[in-house]
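Colleague: Have a look at this one before I ask anything.
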Amino acid sequence: MSWVLGVDSGGSGLRAALAEAGQPEQARTAFSGEPVRTGGAGIDAGHMREQLVPMVRRLMEQAGAGRLSAVVIGAAGMATLGGRLRAEMPAALDRELGVRHLGLAADAVTAYAGALGGRPGAVVAAGTGMIALGTDLTSWRRADGWGHLLGDCGSGAWIGRAGLEAALRAHDGRRGGSAPLLERMESTLGPAAELPGMLYPRTDRPAVLASFAPEVGRCAGHDPVAAGILERAAGHIAEAAAAVCPPADEVPEGCEVALTGGLLKLGEPLLGPLRAELAGQLPHARQVPADGDPLFGALRLAASLAAGELRLPAHPTMLYVPGAVGSWEGHDDPTG
């Protein structure tokens with residue numbers, strides 16, 4: 001029996017899933033709420049190993065699993081901060097767990113694999129931030145993901161900031177203001193005069209801004225300003241998807257576009273305009289629901305590695321598979 005392991009490492013901690021290679025949807029999972037440390041040398045490979053190895057051994061013992069055929073680790077920051085993982089983890093996991101095949105992936109790649117598997121298309125991961133990733137199965141394309149000051153257009157932070165700006169316009173008596181958003185801002189965050197002092201010194205500004213996005217969604221049904229913010233957000237998200245989705249002449253059999261992330265919880269006030277924007281900007285792509293989350297994507301990739309059937313393109317930093325090199329399009333220093 002062939003066993004595979006998927007790992008998802010992010011700001012909320014470390015998750016692992018163990019399954020038979022032919023049944024990745026039937027997995028045993030484990031979770032550590034301690035995020036893997038990141039320092040000047042990048043993601044701390046030793047800290048990840050200290051958490052991961054005991055977790056995996058417990059899962060294998062519970063499942064009665066033999067040797068692992070393949071492991072794929074997806075991690076936030078892998079592309080730019082994963083140098084130590086790429087240098088240390090292959091030998092460490094071979095020594096500790098007898099891993100035959102290993103893949104190290106950016107979290108955007110595992111999000112793609114979880115949503116679409118090995119099919120060509122585009123995936124938008126939209127939460128506090130926003131990034132789009134696409135592939136024709138020969139190279140990767142990426143758009144946005146530049147953070148709340150320079151990009152992440154259409155994200156939770158973007159929507160929240162636009163909503164707060166509209167609230168402050170109403171407070172000042174300027175055009176473009178929204179009295180409903182002003183009322184919600186004062187109820188949830190405090191008086192307008194105190195908002196800069198509360199927001200600017202904080203290190204978690206994107207999360208604070210994104211916390212106001214649900215208020216914009218709640219007001220959209222009766223406030224045209226809030227509805228307009230979500231319509232513009234939908235346009236930005238669709239633009240990112242269109243930038244990375246393979247053009248029709250590259251995928252004559254067609255491709256798919258899927259959306260993932262917590263921003264989708266805003267529901268129809270955002271999803272309605274977003275469906276319309278995607279249909280207009282990507283008429284050749286089918287809109288489909290995501291199959292699963294990034295942890296499921298890591299497990300899917302591990303099953304593909306174990307079978308020697310990896311369809312998504314390898315890349316030195318985005319999807320690192322020792323001995324394989326793929327390609328990248330978009331910019332010289334991708335992040336994920």
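Each chain of the structure tokens is named A, B, ... in the order shown, its residues numbered from 1; ligands are numbered from 1 in display order.
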Would you kindly return, as an NGL selection string, each protein, DNA or RNA residue with an atom no farther than 9 Å from any atom of Leu97 of chain A, considering only C-alpha atoms and excluding same-chain residues fewer than 2 positions away?
Modeller: :A and (53 or 56-57 or 67-68 or 92-95 or 99)
Colleague: Please provide as JSON, numbers by chain all residues within 10 Å of Ala227 of chain A, with the sequence filter that same-chain residues fewer than 4 positions apart are discarded (counting only C-alpha atoms).
Modeller: {"A": [216, 217, 218, 219, 220, 221, 222, 223, 231, 232, 233, 269, 270, 273]}
Colleague: Provide the atom CA of Ser155 of chain A to atom CA of Ala210 of chain A distance in Å, to one decimal place.
Modeller: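 Those two atoms sit 7.8 Å apart.
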Colleague: What does the distance from atom CA of Arg286 of chain A to atom CA of Ala248 of chain A come to in Å, to one decimal?
Modeller: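 About the pair atom CA of Arg286 of chain A and atom CA of Ala248 of chain A: they are 11.6 Å apart.
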Colleague: Using only C-alpha atoms for the distances, tell me which of A:Ala17, A:Val244, A:Met185, A:Val288 is nearest to Ala258 of chain A.
Modeller: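 With only C-alpha atoms as the atom set, the closest residue is A:Val288.
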